[in-house]
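To start, the structure itself, in structure tokens.
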2 protein chains.
Amino acid sequence: MPKIQVLQLTEVTADILKRLGEKEENAIEAAKAMVAADMRGIDTHGTRLLVLIYQRLKEKMLQIPTEIEAINDESATSIINSNNGLGQVAAIHGMRISIKKAKQFGAGMVLIRNTNNVGVLGYYTTFAAQQGVAGIMMSNAAPSMAPWGSSEPFIGTNPISIAFPSRDFKPICIDMSCSIVSRGKIRAAARRGEKIPYGWALNKHGEKTTDPEEALEGTIIPLGDYKGSGLSIIIDIITGIISGSSYGNKTETFHKLMGPTGIGVCCMSFDIKKFMDIDTFYSLLEGYVTSIKNLEKKEGISEILLPGEIEWNNEVKSIEEGISLPQEIVSDLNKILEEVGSKTRL
Amino acid sequence: MPKIQVLQLTEVTADILKRLGEKEENAIEAAKAMVAADMRGIDTHGTRLLVLIYQRLKEKMLQIPTEIEAINDESATSIINSNNGLGQVAAIHGMRISIKKAKQFGAGMVLIRNTNNVGVLGYYTTFAAQQGVAGIMMSNAAPSMAPWGSSEPFIGTNPISIAFPSRDFKPICIDMSCSIVSRGKIRAAARRGEKIPYGWALNKHGEKTTDPEEALEGTIIPLGDYKGSGLSIIIDIITGIISGSSYGNKTETFHKLMGPTGIGVCCMSFDIKKFMDIDTFYSLLEGYVTSIKNLEKKEGISEILLPGEIEWNNEVKSIEEGISLPQEIVSDLNKILEEVGSKTRL
């Protein structure tokens with residue numbers, strides 16, 4: 001896999017976004033968010049999205065430059081309209097407001113109306129954590145799961161992320177969807193002509209299937225059956241309904257050109273210092289991590305990893321050695337560079 | 001199963017708590033919370049807990065009357081010490097503060113230090129919802145799951161509940177643990193001498209077991225493997241570490257007399273009105289519920305139920321017909337009534 005330096009990929013991504021009409025500061029913010037996903041090894045949510053952004057712009061399904069508009073702002077809460085702009089720009093903007101509110105009021109909650117795919121939620125919650133507050137983020141997504149009891153897609157995999165600050169800048173961060181598995185893994189099995197494990201997905205009649213093609217016509221099984229279904233509904237109500245965005249089966253996928261996605265996002269932060277001296281917290285957290293690392297390991301496990309640790313290790317490696325980016329993404333980005341009139345190539 | 005009227009069970013429960021030394025207003029609050037669990041069909045978290053409360057008092061492992069002390073209170077946040085008192089009293093107190101803060105600042109977050117088993121979290125979040133705000137609650141619990149990669153119990157099933165208000169007073173409410181199943185269900189199977197399904201738990205050697213006694217000595221499997229493990233760690237950090245309570249394997253179970261539990265709780269609320277007109281929200285939510293109800297059903301499913309609907313239906317039935325309470329609980333309560341010098345019997 002080609003290795004691309006972090007700075008180079010960030011500059012190229014920001015340059016593409018500027019040439020597509022985004023404002024410079026927004027282009028840089030969005031580029032940093034996308035490159036962070038690639039650095040963490042989550043290239044499904046990284047600069048690969050530039051291809052979709054470019055297609056959506058051509059089809060007038062995305063609005064650039066991203067114009068963020070305040071709808072209401074009172075004490076610890078705020079709601080902003082992203083006007084169908086770049087999700088990454090809205091998300092970092094929303095998280096910055098929530099951090100500011102957390103520092104002022106102890107807790108902050110910001111809803112983002114009408115945005116798009118924001119990429120990796122853990123990037124924004126880690127951003128909050130690295131500013132000394134705990135960050136929480138949720139997003140809704142296009143329908144791919146059935147509410148428990150139904151066989152019809154209605155709710156999305158609706159991810160949630162929570163991150164805590166630590167003394168060494170390395171956060172504890174969960175970033176998980178409400179489904180048992182990503183739709184991408186099912187698509188990959190279909191491409192390879194392989195069966196999928198029993199328990200991943202249902203066919204369109206609501207029956208468990210090991211056939212990936214049947215699964216793609218059906219629904220993904222929620223995490224823990226009714227629990228993941230319930231959690232996805234709750235996240236949809238907060239991010240979709242209360243934000244004034246799309247929700248349920250009104251939300252469109254970012255991956256096909258069916259129309260604006262109508263995605264809604266929730267950014268929350270809280271200030272640990274209102275509850276506990278921050279140095280005491282850092283010390284307790286370090287002790288907690290050490291206790292977990294020292295627990296008895298399952299057979300075949302060499303190290304117990306904390307939530308977010310794999311992604312953090314990938315990020316450090318990407319800084320040291322460059323980002324491993326699939327050739328297909330490099331080619332796509334070079335093609336876009338050519339089309340937008342840049343002489344730079346990756 | 002004997003049927004007990006709601007009012008009678010509440011009065012008897014409050015009377016027992018008063019005779020055990022609790023203040024009248026606290027006894028009534030705790031009784032309402034316990035009876036609500038029984039009304040919802042979750043008798044593992046209801047008046048059955050009186051037996052454990054009585055035992056803990058005798059062993060001086062619980063402090064009654066519950067003395068709640070403010071540690072810090074600023075804008076949207078508050079932290080209180082429950083001083084090892086009744087969990088139900090601390091929980092309703094914490095939720096009341098968070099509701100007040102949500103109405104004033106838009107969002108409120110309250111941490112409770114050093115409390116005990118609070119019973120059903122959904123009771124408190126529903127309480128918030130019925131006052132017009134969204135309620136969120138989390139609690140840590142005694143170690144019963146292994147962090148992913150380990151075979152040793154360290155984290156609890158750490159439940160989370162979220163509830164939204166609705167026009168008809170019937171909330172949408174999730175109340176779920178981070179495990180594939182609640183420890184209460186395994187304890188219930190043990191009491192009944194029944195096997196548990198394969199895939200719920202591991203014995204102390206890390207092997208899957210269908211014996212509930214072996215499961216209680218081993219670990220419960222986290223919801224979605226590493227996802228539930230991560231979510232449980234995150235909830236432990238918020239409710240255990242940041243609240244200044246016990247956490248990880250320092251937390252003791254309420255169900256055995258091993259010492260004070262050291263449980264920590266987080267109560268959050270937010271005011272939907274800061275983001276959206278509340279009547280618009282109610283209408284959108286009704287439409288959302290109707291859309292879900294009208295989705296295609298799985299074979300054998302007569303109605304798609306929203307999160308919390310089973311418990312709500314049980315509650316309504318309990319009001320109409322009385323609470324179905326296992327004979328064993330009725331006998332235990334009658335025995336306590338006798339011991340505390342009451343002439344009343346259920």
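Order determines the names: the first chain of the structure tokens is A, the second B, and so forth; residues in each chain are numbered 1 upward, and ligands are numbered 1 upward as they are shown.
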Chain A post-superposition (all in-order Cα pairs with chain B) as a short mmCIF file (atom, residue, chain, number, x, y, z; two decimals) with C-alpha atoms, in the first residue's frame:
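This is the output file out-v9.cif:
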```
data_model
loop_
_atom_site.label_atom_id
_atom_site.label_comp_id
_atom_site.auth_asym_id
_atom_site.auth_seq_id
_atom_site.Cartn_x
_atom_site.Cartn_y
_atom_site.Cartn_z
CA MET A 1 -49.41 -14.57 42.33
CA PRO A 2 -50.92 -12.27 45.00
CA LYS A 3 -52.22 -8.94 43.71
CA ILE A 4 -51.37 -5.92 45.86
CA GLN A 5 -52.84 -2.47 45.31
CA VAL A 6 -50.30 0.21 44.34
CA LEU A 7 -51.27 2.55 47.17
CA GLN A 8 -51.14 -0.19 49.80
CA LEU A 9 -47.70 -1.42 48.70
CA THR A 10 -46.38 2.14 48.63
CA GLU A 11 -47.71 2.89 52.13
CA VAL A 12 -46.35 -0.35 53.56
CA THR A 13 -42.92 0.20 51.93
CA ALA A 14 -42.72 3.80 53.17
CA ASP A 15 -43.83 2.67 56.64
CA ILE A 16 -41.11 0.01 56.80
CA LEU A 17 -38.46 2.51 55.71
CA LYS A 18 -39.65 5.06 58.31
CA ARG A 19 -39.57 2.43 61.03
CA LEU A 20 -36.02 1.58 59.90
CA GLY A 21 -35.04 5.20 60.55
CA GLU A 22 -35.54 6.95 57.22
CA LYS A 23 -37.01 10.47 57.12
CA GLU A 24 -40.66 10.58 56.03
CA GLU A 25 -40.14 12.40 52.70
CA ASN A 26 -37.22 10.10 51.81
CA ALA A 27 -39.20 7.00 52.77
CA ILE A 28 -42.03 8.06 50.44
CA GLU A 29 -39.63 8.79 47.55
CA ALA A 30 -37.86 5.45 47.94
CA ALA A 31 -41.17 3.59 48.29
CA LYS A 32 -42.48 5.13 45.06
CA ALA A 33 -39.32 4.10 43.19
CA MET A 34 -39.46 0.51 44.50
CA VAL A 35 -43.17 0.10 43.86
CA ALA A 36 -42.73 1.51 40.33
CA ALA A 37 -40.28 -1.35 39.61
CA ASP A 38 -42.84 -3.90 40.83
CA MET A 39 -45.56 -2.19 38.78
CA ARG A 40 -43.39 -2.52 35.68
CA GLY A 41 -42.88 -6.23 36.25
CA ILE A 42 -39.23 -5.82 37.26
CA ASP A 43 -39.65 -7.27 40.75
CA THR A 44 -35.92 -8.02 41.03
CA HIS A 45 -35.46 -4.25 41.51
CA GLY A 46 -38.60 -3.45 43.51
CA THR A 47 -39.77 -3.92 47.11
CA ARG A 48 -37.74 -7.15 47.21
CA LEU A 49 -34.80 -4.83 47.92
CA LEU A 50 -36.31 -4.06 51.36
CA VAL A 51 -34.97 -7.43 52.53
CA LEU A 52 -31.44 -6.44 51.51
CA ILE A 53 -31.83 -2.94 52.94
CA TYR A 54 -32.96 -4.43 56.26
CA GLN A 55 -30.03 -6.89 56.33
CA ARG A 56 -27.54 -4.15 55.41
CA LEU A 57 -28.84 -1.90 58.17
CA LYS A 58 -28.42 -4.67 60.74
CA GLU A 59 -24.84 -5.16 59.55
CA LYS A 60 -24.23 -1.37 59.55
CA MET A 61 -23.39 -1.50 55.84
CA LEU A 62 -25.99 1.15 54.94
CA GLN A 63 -26.59 4.58 56.47
CA ILE A 64 -30.17 5.62 57.26
CA PRO A 65 -31.52 8.32 57.34
CA THR A 66 -30.04 9.14 53.94
CA GLU A 67 -28.03 12.34 54.35
CA ILE A 68 -27.35 14.00 51.03
CA GLU A 69 -24.59 16.55 51.00
CA ALA A 70 -23.70 19.00 48.23
CA ILE A 71 -20.02 18.78 47.27
CA ASN A 72 -19.93 21.23 44.39
CA ASP A 73 -22.58 23.01 42.37
CA GLU A 74 -21.80 25.29 39.42
CA SER A 75 -24.07 26.30 36.52
CA ALA A 76 -25.11 23.11 34.68
CA THR A 77 -23.27 20.65 36.93
CA SER A 78 -23.55 19.36 40.47
CA ILE A 79 -21.95 16.64 42.55
CA ILE A 80 -23.55 15.27 45.70
CA ASN A 81 -22.48 12.75 48.32
CA SER A 82 -25.15 10.25 49.29
CA ASN A 83 -23.09 9.02 52.27
CA ASN A 84 -23.97 5.35 51.73
CA GLY A 85 -27.69 6.04 52.09
CA LEU A 86 -30.62 4.66 50.11
CA GLY A 87 -29.91 4.63 46.37
CA GLN A 88 -33.52 5.46 45.52
CA VAL A 89 -33.41 8.63 47.63
CA ALA A 90 -30.12 9.81 46.13
CA ALA A 91 -31.23 8.99 42.59
CA ILE A 92 -34.48 10.97 42.69
CA HIS A 93 -32.65 13.83 44.40
CA GLY A 94 -29.93 13.82 41.73
CA MET A 95 -32.46 13.64 38.92
CA ARG A 96 -34.46 16.57 40.38
CA ILE A 97 -31.31 18.73 40.42
CA SER A 98 -30.47 17.77 36.83
CA ILE A 99 -34.04 18.60 35.67
CA LYS A 100 -33.85 21.99 37.37
CA LYS A 101 -30.51 22.68 35.70
CA ALA A 102 -31.83 21.55 32.31
CA LYS A 103 -34.72 23.97 32.64
CA GLN A 104 -32.34 26.78 33.62
CA PHE A 105 -29.26 26.11 31.46
CA GLY A 106 -30.63 23.77 28.79
CA ALA A 107 -28.62 20.81 30.09
CA GLY A 108 -27.80 19.47 33.53
CA MET A 109 -25.39 16.83 34.78
CA VAL A 110 -25.32 15.55 38.35
CA LEU A 111 -22.98 12.92 39.76
CA ILE A 112 -23.86 10.99 42.91
CA ARG A 113 -21.01 9.75 45.06
CA ASN A 114 -21.19 6.73 47.31
CA THR A 115 -24.74 5.49 47.06
CA ASN A 116 -26.37 2.07 46.72
CA ASN A 117 -28.57 0.07 44.34
CA VAL A 118 -31.03 2.61 42.88
CA GLY A 119 -33.40 0.01 41.43
CA VAL A 120 -34.83 0.64 37.96
CA LEU A 121 -33.06 3.53 36.18
CA GLY A 122 -36.01 3.97 33.82
CA TYR A 123 -38.13 5.15 36.77
CA TYR A 124 -35.95 8.25 37.19
CA THR A 125 -35.52 9.02 33.48
CA THR A 126 -39.30 8.65 33.05
CA PHE A 127 -39.73 11.04 35.99
CA ALA A 128 -37.63 13.58 34.02
CA ALA A 129 -39.58 12.89 30.82
CA GLN A 130 -42.87 13.46 32.60
CA GLN A 131 -41.57 16.89 33.62
CA GLY A 132 -40.98 17.73 29.96
CA VAL A 133 -37.23 17.16 29.64
CA ALA A 134 -35.19 14.24 28.29
CA GLY A 135 -33.60 12.20 31.10
CA ILE A 136 -30.39 10.16 30.98
CA MET A 137 -29.08 8.01 33.81
CA MET A 138 -26.18 5.61 34.29
CA SER A 139 -24.91 3.59 37.23
CA ASN A 140 -21.99 1.34 37.85
CA ALA A 141 -22.39 -2.05 39.52
CA ALA A 142 -20.40 -4.86 41.13
CA PRO A 143 -17.88 -6.62 38.83
CA SER A 144 -19.47 -9.42 36.77
CA MET A 145 -17.91 -8.95 33.33
CA ALA A 146 -14.32 -9.09 32.12
CA PRO A 147 -12.92 -6.24 30.06
CA TRP A 148 -12.57 -7.60 26.51
CA GLY A 149 -9.41 -9.70 26.27
CA SER A 150 -9.47 -10.64 29.95
CA SER A 151 -11.13 -13.55 31.74
CA GLU A 152 -11.37 -11.84 35.14
CA PRO A 153 -14.47 -10.02 36.47
CA PHE A 154 -13.72 -6.32 36.80
CA ILE A 155 -16.58 -4.24 35.35
CA GLY A 156 -20.28 -4.33 36.16
CA THR A 157 -23.30 -4.72 33.90
CA ASN A 158 -23.50 -0.90 34.33
CA PRO A 159 -26.99 0.06 33.12
CA ILE A 160 -27.95 3.14 31.12
CA SER A 161 -31.42 4.60 30.62
CA ILE A 162 -32.68 7.42 28.39
CA ALA A 163 -36.29 8.66 28.25
CA PHE A 164 -38.09 11.28 26.15
CA PRO A 165 -41.30 13.12 27.01
CA SER A 166 -44.41 12.70 24.89
CA ARG A 167 -47.77 14.44 24.72
CA ASP A 168 -49.66 11.50 26.26
CA PHE A 169 -47.32 11.14 29.27
CA LYS A 170 -46.16 7.72 27.98
CA PRO A 171 -42.41 8.04 27.46
CA ILE A 172 -40.07 6.40 24.98
CA CYS A 173 -37.57 4.87 27.41
CA ILE A 174 -34.62 2.54 27.03
CA ASP A 175 -33.17 0.93 30.14
CA MET A 176 -30.45 -1.56 29.33
CA SER A 177 -27.35 -3.10 30.83
CA CYS A 178 -24.03 -3.55 29.02
CA SER A 179 -24.27 -7.34 29.28
CA ILE A 180 -25.91 -9.84 26.95
CA VAL A 181 -28.03 -11.20 29.82
CA SER A 182 -28.66 -10.60 33.52
CA ARG A 183 -26.85 -12.64 36.15
CA GLY A 184 -30.30 -13.47 37.57
CA LYS A 185 -31.19 -15.53 34.49
CA ILE A 186 -28.00 -17.55 34.92
CA ARG A 187 -28.77 -18.10 38.62
CA ALA A 188 -32.30 -19.24 37.69
CA ALA A 189 -30.92 -21.79 35.19
CA ALA A 190 -28.54 -23.08 37.86
CA ARG A 191 -31.44 -23.51 40.32
CA ARG A 192 -33.46 -25.42 37.71
CA GLY A 193 -30.42 -27.53 36.72
CA GLU A 194 -30.71 -26.33 33.13
CA LYS A 195 -28.00 -25.45 30.62
CA ILE A 196 -27.65 -21.84 29.54
CA PRO A 197 -27.43 -20.84 25.85
CA TYR A 198 -23.96 -20.82 24.32
CA GLY A 199 -22.88 -17.19 24.14
CA TRP A 200 -24.23 -15.93 27.47
CA ALA A 201 -21.23 -16.47 29.72
CA LEU A 202 -17.61 -17.53 30.07
CA ASN A 203 -16.07 -19.88 32.63
CA LYS A 204 -13.22 -18.68 34.84
CA HIS A 205 -10.72 -19.50 32.09
CA GLY A 206 -12.51 -17.14 29.68
CA GLU A 207 -14.04 -19.94 27.59
CA LYS A 208 -17.70 -19.99 26.53
CA THR A 209 -19.78 -22.31 28.67
CA THR A 210 -23.34 -23.68 28.75
CA ASP A 211 -22.95 -24.76 32.40
CA PRO A 212 -24.59 -22.13 34.66
CA GLU A 213 -22.43 -23.13 37.66
CA GLU A 214 -19.25 -22.57 35.63
CA ALA A 215 -20.75 -19.30 34.35
CA LEU A 216 -21.38 -18.04 37.88
CA GLU A 217 -17.71 -18.61 38.70
CA GLY A 218 -16.75 -16.83 35.50
CA THR A 219 -18.10 -13.75 33.75
CA ILE A 220 -21.13 -12.63 31.74
CA ILE A 221 -20.45 -11.80 28.08
CA PRO A 222 -20.71 -8.10 27.33
CA LEU A 223 -23.34 -6.90 24.85
CA GLY A 224 -21.70 -7.19 21.41
CA ASP A 225 -18.42 -8.43 22.91
CA TYR A 226 -15.88 -5.54 22.88
CA LYS A 227 -18.63 -2.94 22.44
CA GLY A 228 -20.45 -3.75 25.70
CA SER A 229 -17.09 -4.06 27.43
CA GLY A 230 -16.09 -0.59 26.23
CA LEU A 231 -19.46 0.94 27.12
CA SER A 232 -19.29 -0.56 30.61
CA ILE A 233 -15.77 0.88 31.10
CA ILE A 234 -16.96 4.32 29.95
CA ILE A 235 -19.95 4.24 32.33
CA ASP A 236 -17.65 3.12 35.16
CA ILE A 237 -15.32 6.07 34.49
CA ILE A 238 -18.20 8.59 34.60
CA THR A 239 -20.22 7.14 37.48
CA GLY A 240 -17.43 5.53 39.50
CA ILE A 241 -14.18 7.43 38.98
CA ILE A 242 -15.34 11.01 38.21
CA SER A 243 -18.02 10.90 40.95
CA GLY A 244 -15.42 9.88 43.53
CA SER A 245 -17.19 6.55 44.20
CA SER A 246 -15.90 3.00 43.94
CA TYR A 247 -15.13 1.57 40.49
CA GLY A 248 -13.79 -1.52 38.80
CA ASN A 249 -13.45 -4.43 41.20
CA LYS A 250 -13.60 -2.12 44.26
CA THR A 251 -17.40 -1.98 43.90
CA GLU A 252 -19.30 -4.49 46.05
CA THR A 253 -22.59 -6.17 45.19
CA PHE A 254 -25.75 -5.08 47.05
CA HIS A 255 -26.92 -8.72 47.07
CA LYS A 256 -24.28 -10.11 49.44
CA LEU A 257 -23.12 -8.63 52.73
CA MET A 258 -19.51 -7.98 51.70
CA GLY A 259 -19.42 -4.29 52.71
CA PRO A 260 -20.74 -0.96 51.46
CA THR A 261 -21.29 -1.05 47.69
CA GLY A 262 -19.70 2.34 46.89
CA ILE A 263 -21.96 2.71 43.82
CA GLY A 264 -21.82 5.90 41.72
CA VAL A 265 -24.59 7.33 39.56
CA CYS A 266 -24.88 9.96 36.81
CA CYS A 267 -28.14 11.86 36.18
CA MET A 268 -28.41 14.06 33.09
CA SER A 269 -31.28 16.01 31.58
CA PHE A 270 -31.69 18.29 28.62
CA ASP A 271 -34.47 20.64 27.61
CA ILE A 272 -35.87 19.84 24.17
CA LYS A 273 -37.40 23.34 24.02
CA LYS A 274 -33.92 24.86 23.56
CA PHE A 275 -33.71 23.05 20.22
CA MET A 276 -37.29 22.73 19.00
CA ASP A 277 -40.82 23.87 19.81
CA ILE A 278 -42.12 21.20 22.20
CA ASP A 279 -45.44 20.72 20.42
CA THR A 280 -43.61 20.21 17.13
CA PHE A 281 -41.45 17.62 18.89
CA TYR A 282 -44.48 15.81 20.30
CA SER A 283 -46.11 15.70 16.86
CA LEU A 284 -42.92 14.48 15.15
CA LEU A 285 -42.48 11.82 17.83
CA GLU A 286 -46.06 10.63 17.41
CA GLY A 287 -45.51 10.35 13.66
CA TYR A 288 -42.25 8.47 14.29
CA VAL A 289 -43.94 5.98 16.62
CA THR A 290 -46.77 5.47 14.11
CA SER A 291 -44.25 4.86 11.30
CA ILE A 292 -42.49 2.21 13.38
CA LYS A 293 -45.76 0.55 14.42
CA ASN A 294 -46.76 0.36 10.73
CA LEU A 295 -43.52 -1.26 9.51
CA GLU A 296 -43.61 -4.77 8.13
CA LYS A 297 -43.61 -7.23 11.05
CA LYS A 298 -41.42 -10.28 11.49
CA GLU A 299 -43.27 -13.57 11.33
CA GLY A 300 -45.08 -14.25 14.61
CA ILE A 301 -44.99 -10.61 15.79
CA SER A 302 -48.43 -9.02 16.28
CA GLU A 303 -47.23 -5.56 17.31
CA ILE A 304 -43.90 -3.73 17.13
CA LEU A 305 -43.18 -2.36 20.60
CA LEU A 306 -41.26 0.84 21.23
CA PRO A 307 -38.53 0.94 23.94
CA GLY A 308 -40.19 0.96 27.36
CA GLU A 309 -43.62 0.02 26.06
CA ILE A 310 -43.76 -3.40 27.78
CA GLU A 311 -42.97 -1.76 31.13
CA TRP A 312 -45.51 1.01 30.52
CA ASN A 313 -48.23 -1.52 29.70
CA ASN A 314 -47.36 -3.45 32.87
CA GLU A 315 -47.57 -0.24 34.87
CA VAL A 316 -51.03 0.61 33.53
CA LYS A 317 -52.21 -2.94 34.25
CA SER A 318 -50.82 -2.74 37.80
CA ILE A 319 -52.79 0.47 38.42
CA GLU A 320 -55.97 -1.14 37.11
CA GLU A 321 -55.65 -4.63 38.58
CA GLY A 322 -53.08 -4.37 41.35
CA ILE A 323 -49.43 -5.47 41.27
CA SER A 324 -48.65 -9.15 40.74
CA LEU A 325 -46.06 -9.74 43.44
CA PRO A 326 -44.44 -13.17 43.96
CA GLN A 327 -45.64 -14.84 47.17
CA GLU A 328 -42.02 -15.03 48.36
CA ILE A 329 -41.73 -11.21 48.34
CA VAL A 330 -45.11 -10.78 50.09
CA SER A 331 -43.98 -13.20 52.82
CA ASP A 332 -40.63 -11.43 53.19
CA LEU A 333 -42.32 -8.05 53.52
CA ASN A 334 -44.82 -9.41 56.08
CA LYS A 335 -41.92 -10.82 58.08
CA ILE A 336 -40.18 -7.44 58.06
CA LEU A 337 -43.46 -5.70 59.05
CA GLU A 338 -43.65 -7.99 62.07
CA GLU A 339 -40.02 -7.46 63.03
CA VAL A 340 -40.24 -3.66 62.78
CA GLY A 341 -43.33 -3.67 65.02
CA SER A 342 -46.07 -2.92 62.49
CA LYS A 343 -49.47 -4.61 62.77
CA THR A 344 -50.16 -4.14 59.05
CA ARG A 345 -49.84 -7.17 56.74
CA LEU A 346 -49.98 -7.42 52.95
#
```
Once DSSP has gone over the backbone, tell me which residues of region 107-285 of chain A are in alpha helix (DSSP H), as an MDAnalysis selection string. chainID A and resid 121:129 183:192 212:217 226:236 278:285
Any chance you could list, as a PyMOL selection string, the residues in region 10-140 of chain B that come up strand (DSSP E or B) when DSSP is run on the backbone? chain B and resi 69-74+77-81+107-115+134-139
Store the residues of this selection in a file with C-alpha atoms, as a PDB file, in the first residue's frame.
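Done, and the output landed in result-v1.pdb:
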```pdb
ATOM      1  CA  GLU B  69     -24.609  16.308  51.013  1.00  0.00           C
ATOM      2  CA  ALA B  70     -23.764  18.810  48.278  1.00  0.00           C
ATOM      3  CA  ILE B  71     -20.068  18.667  47.323  1.00  0.00           C
ATOM      4  CA  ASN B  72     -20.018  21.178  44.479  1.00  0.00           C
ATOM      5  CA  ASP B  73     -22.704  22.937  42.485  1.00  0.00           C
ATOM      6  CA  GLU B  74     -21.966  25.272  39.568  1.00  0.00           C
ATOM      7  CA  THR B  77     -23.359  20.654  37.009  1.00  0.00           C
ATOM      8  CA  SER B  78     -23.611  19.308  40.527  1.00  0.00           C
ATOM      9  CA  ILE B  79     -21.971  16.577  42.555  1.00  0.00           C
ATOM     10  CA  ILE B  80     -23.540  15.127  45.697  1.00  0.00           C
ATOM     11  CA  ASN B  81     -22.435  12.601  48.278  1.00  0.00           C
ATOM     12  CA  ALA B 107     -28.709  20.817  30.176  1.00  0.00           C
ATOM     13  CA  GLY B 108     -27.872  19.436  33.595  1.00  0.00           C
ATOM     14  CA  MET B 109     -25.427  16.816  34.793  1.00  0.00           C
ATOM     15  CA  VAL B 110     -25.324  15.494  38.343  1.00  0.00           C
ATOM     16  CA  LEU B 111     -22.934  12.902  39.717  1.00  0.00           C
ATOM     17  CA  ILE B 112     -23.769  10.898  42.837  1.00  0.00           C
ATOM     18  CA  ARG B 113     -20.886   9.671  44.968  1.00  0.00           C
ATOM     19  CA  ASN B 114     -21.031   6.615  47.190  1.00  0.00           C
ATOM     20  CA  THR B 115     -24.581   5.331  46.904  1.00  0.00           C
ATOM     21  CA  ALA B 134     -35.172  14.189  28.266  1.00  0.00           C
ATOM     22  CA  GLY B 135     -33.563  12.148  31.045  1.00  0.00           C
ATOM     23  CA  ILE B 136     -30.322  10.163  30.884  1.00  0.00           C
ATOM     24  CA  MET B 137     -28.975   7.992  33.685  1.00  0.00           C
ATOM     25  CA  MET B 138     -26.035   5.651  34.143  1.00  0.00           C
ATOM     26  CA  SER B 139     -24.724   3.629  37.044  1.00  0.00           C
TER      27      SER B 139
END
```
